[in-house]
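This report concerns only the one structure given below.
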Amino acid sequence: MISYLQVESLTKSFGDNLLFENISFGIADNQRVALIAKNGTGKTTLLNILAGNEDYQGGTISFRRDLRIGYLDQNPDFPKELSVIDACLQTDNEAVRTIAAYEHCMLTQNHEDLDEIINQMDLHKAWDYETRITQILGKLKITNLEQLIGELSGGQLKRVALANVLISEPDLLILDEPTNHLDLEMVEWLEDFLKRSSMALLMVTHDRYFLDRVCTNIMEIDHQGLFQYNGNYTYYLEKRQERIENFNAESERTINLYRKELDWMRRQPQARSHKSKSRVERFSDIEERAKLRRNNDSVQLDVKASYLGSKIFEAKYVSKAYGDLKILDNFYYNFARFEKMGIVGKNGTGKSTFLKMLLGEVKPDSGSFDIGETVVFGYYSQDGLAFDEQMKVIDVVQNIAEEVNLGNGKKMSASQFLQHFLFTPETQYNYVYKLSGGEKRRLYLCTVLMKNPNFLVLDEPTNDLDIVTLNILEDYLQSFKGCVIVVSHDRYFMDKVVDHLMVFKGDAELKDFPGNYTDYREWNELMEEQEKEEKSKNQESRTKNQDKNIEYETKNEESRKMTFKEKKEFEALESEIPKLEAEKAEIESQLSTGILSSDEIIKASERFSELTDLIDGKTMRWLELSEI
């Protein structure tokens, strides 16, 4: 294997906050590596360091000479005045630059300089490349190529940035949360694209199916160190558990030794100053090691839901459209108590708009939502909560409530509640602007759940949350004593949480499917396969019928005999046609002598024309009869 990247003894900290220390790893050709860690422990920072956008305190980073690197930033940035096509085709590749010129030319009315650009396309052998680019843009639903970057939403911008790095075809592709803002169809296409690609890959993602199906290696940052696993996500889970159990077993032995040493230290006060100095020093090492027992720190979400009555909400024949784009058309639905609905569909089919109508943020064109009196919504928005960046974490929570009701008369202070969300006492007094994107999302989730809602409406809750938080959120939602509607492209999350799907197919077509996403995918593939088989059978049947008709006609023609009348007609034609041809030849001869008067010439010409038509008609009929 060819080594693309080698990292040795890398260390990074922000002030007193040590992210990782003396970590080493390498990436070779054809390796697809996933980086896993809790939010705030350095995933994005490490990618930024490798991309040259962040400095570090110690260690070395070595890339293969002339290695081409593509980097998808978690929050990509392009000049606002740039067009979409120019942003997608930003690269040093001469063929891609020629394709950019070709695309611009084709978008103009007069196609100025098209001949010269086509010559350049031929010169750089760019036509196959252009086909691949068109496919990538199409799969990522990037259609308005002349639109300015400044007019795009965050999701559209992320897709443009993803298209740019895929089109550039680097040797090493570094992706930070590539599945964010992609619909399920796009995620599955990207999954297949990366599996078939020859590019090496280093990626951060929370999509566990994506990890399992795409990655060949897993790296985990844990307690400032790096652990490596030669396998996919399933293999990683097994081996990580073994590592923790082995570590804790060793810690257990160290704890027993620590107890003995502590007893000795207490019983031998004089020894500390002279005879057993080495043993005193060894005690300090044992004490430190004994405190390092590993655990799977997790977010505990034991929050009481408010009382929920039997009436939840009723969508009464709701319609909504934006111009020609229809979202709902006379839609009726009665939501049941404790129902957990997942909403899936392509981007732009109206999933988020549906949630906003339910919550009263968007008015339907007609119809209404009748909400039960006991319903208390907890809304986790795709856009997130706009925190005051200068506030401290603890103040954000205390502004909502000083205490959280856990049920059964139990309460928890705001600080204790934050600790259950893995916000240490030190982190609680950090300013919000110091938090990572994932930590801000976790804080946002905390503010939603602490209000004791009984109906959770979650719009893309998995974006930027680490896998540990997702696992506990999934467990919480499974046992949540209330209702849930969730929009998500995370297939693993949907499989664990929902009991049925509402599929937005576009143009106000909705399908209620009784099962999770994997059930729906299998059913959909089965339906597509049956449809193909049906089309194939219909085509085969049509072909057979056509063959039968041809065969029938052929047999009929072969078995048919000339009638008496047709025989007489055929015989007459055989004598008439030579006579007419002789007359035509005679007139032609007369016309060529030059002795006819003008009246005779006119009369002869008219007869010559009549004879030509008669001969053609009778000859055609003779041919028809001769084939019987």
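Here, A, B, ... name the chains of the structure tokens in the order displayed, residue numbers run from 1 inside each chain, and ligands are numbered from 1 in the same displayed order.
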What are the closest atom pairs, with distances in Å to one decimal, for all residues of region 162-188 of chain A lying within 12 Å of region 500-523 of chain A? Consider only C-alpha atoms, order rows by chain and residue number, and present the result as CSV.
residue,atom,partner,partner_atom,distance
A:Asp183,CA,A:Phe504,CA,11.5
A:Leu184,CA,A:Tyr517,CA,9.9
A:Glu185,CA,A:Arg521,CA,10.6
A:Glu188,CA,A:Arg521,CA,11.1
#### Entry: Contacts of Ala100 (chain A) within 9 Å, only C-alpha atoms, excl. fewer than 6 positions in-chain, as an NGL selection string
:A and (85-86 or 88-90)
### Query
Within 10 Å of Tyr444 (chain A), counting only C-alpha atoms, which residues qualify if same-chain residues fewer than 6 places away don't, as JSON, numbers by chain?
{"A": [380, 381, 384, 385, 386, 387, 396, 397, 438]}
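When only C-alpha atoms are used to measure the gap to Leu418 (chain A), the shortest distance among A:Tyr209, A:Met450, A:Ile23, A:Glu581 belongs to A:Met450.
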### Task
Find the residue from A:Asn30, A:Leu614, A:Cys446, A:Ser310 that sits nearest to Arg196 (chain A); use only C-alpha atoms when measuring.
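The shortest atom-to-atom distance to Arg196 (chain A) comes from A:Asn30.
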### Query
Residues at most 8 Å from Cys483 (chain A), counting only C-alpha atoms, excluding those fewer than 6 positions away in the same chain, as JSON, numbers by chain?
{"A": [337, 338, 339, 340, 454, 455, 456]}
Now that the selection is made, can you save its residues with N, CA and C atoms as a PDB file, in the first residue's frame?
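The resulting file, part-v6.pdb, is shown below:
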ATOM      1  N   ARG A 337     -52.445   8.877  20.367  1.00  0.00           N
ATOM      2  CA  ARG A 337     -51.681   9.037  21.601  1.00  0.00           C
ATOM      3  C   ARG A 337     -50.453   8.111  21.591  1.00  0.00           C
ATOM      4  N   PHE A 338     -49.297   8.647  21.985  1.00  0.00           N
ATOM      5  CA  PHE A 338     -48.016   7.921  22.071  1.00  0.00           C
ATOM      6  C   PHE A 338     -47.492   7.461  20.703  1.00  0.00           C
ATOM      7  N   GLU A 339     -48.028   8.032  19.647  1.00  0.00           N
ATOM      8  CA  GLU A 339     -47.567   7.689  18.302  1.00  0.00           C
ATOM      9  C   GLU A 339     -46.167   8.255  18.062  1.00  0.00           C
ATOM     10  N   LYS A 340     -45.333   7.499  17.337  1.00  0.00           N
ATOM     11  CA  LYS A 340     -43.980   7.946  16.981  1.00  0.00           C
ATOM     12  C   LYS A 340     -43.840   7.846  15.457  1.00  0.00           C
ATOM     13  N   ASN A 454     -44.700  16.981  26.155  1.00  0.00           N
ATOM     14  CA  ASN A 454     -45.283  15.646  25.961  1.00  0.00           C
ATOM     15  C   ASN A 454     -45.429  15.298  24.479  1.00  0.00           C
ATOM     16  N   PHE A 455     -45.033  16.230  23.628  1.00  0.00           N
ATOM     17  CA  PHE A 455     -45.052  16.001  22.188  1.00  0.00           C
ATOM     18  C   PHE A 455     -43.780  16.606  21.607  1.00  0.00           C
ATOM     19  N   LEU A 456     -42.840  15.736  21.233  1.00  0.00           N
ATOM     20  CA  LEU A 456     -41.571  16.196  20.683  1.00  0.00           C
ATOM     21  C   LEU A 456     -41.645  16.259  19.158  1.00  0.00           C
TER      22      LEU A 456
END
### DSSP-assigned strand (DSSP E) members of region 268-509 of chain A, reported as a ChimeraX atom specification
/A:313-322,325-335,340-345,366-371,377-380,403-407,410-413,455-459,483-487,500-506,509
### Query
If you count only C-alpha atoms, which residues fall within 8 Å of Arg32 (chain A), apart from same-chain ones fewer than 6 positions away, as number ranges by chain?
A: 200-203, 214-217
## Note on the structure
One decimal place gives the CA of Val468 (chain A)-CA of Thr234 (chain A) separation as 14.8 Å
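The nearest approach to Glu588 (chain A) among the residues A:Lys496, A:Lys326, A:Arg65, A:Arg607, with only C-alpha atoms taken into account, belongs to A:Arg607.
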### Query
If you measure from CA of Phe14 (chain A) to CA of Gly52 (chain A), what distance in Å do you get, rounded to one decimal?
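These two atoms are separated by 16.8 Å.
Excluding Leu47 (chain A) itself and same-chain residues fewer than 5 positions from it, the residues having an atom within 10 Å of it are Leu35, Gly42, Gly52, Asn53, Glu54, Tyr71, Leu72, Asp73, Gln74, Ile174, Leu175, Asp176, Leu202, Met203 and Val204 of chain A, counting only C-alpha atoms.
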### Task
Fewer than 4 positions away in the same chain doesn't count, so skip those; otherwise give me all residues within 12 Å of Thr131 (chain A), counting only C-alpha atoms, as a list in words.
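In the requested format, the answer is Val96, Ile99, Glu103, Lys125, Ala126, Trp127, Gln135, Ile136, Leu137, Gly138 and Ile167 of chain A.
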### Message
Calculated over only C-alpha atoms, which of the candidates A:Phe335, A:Ile133, A:Ala34, A:Pro79 has the smallest distance to Ile218 (chain A)?
### Response
A:Ala34
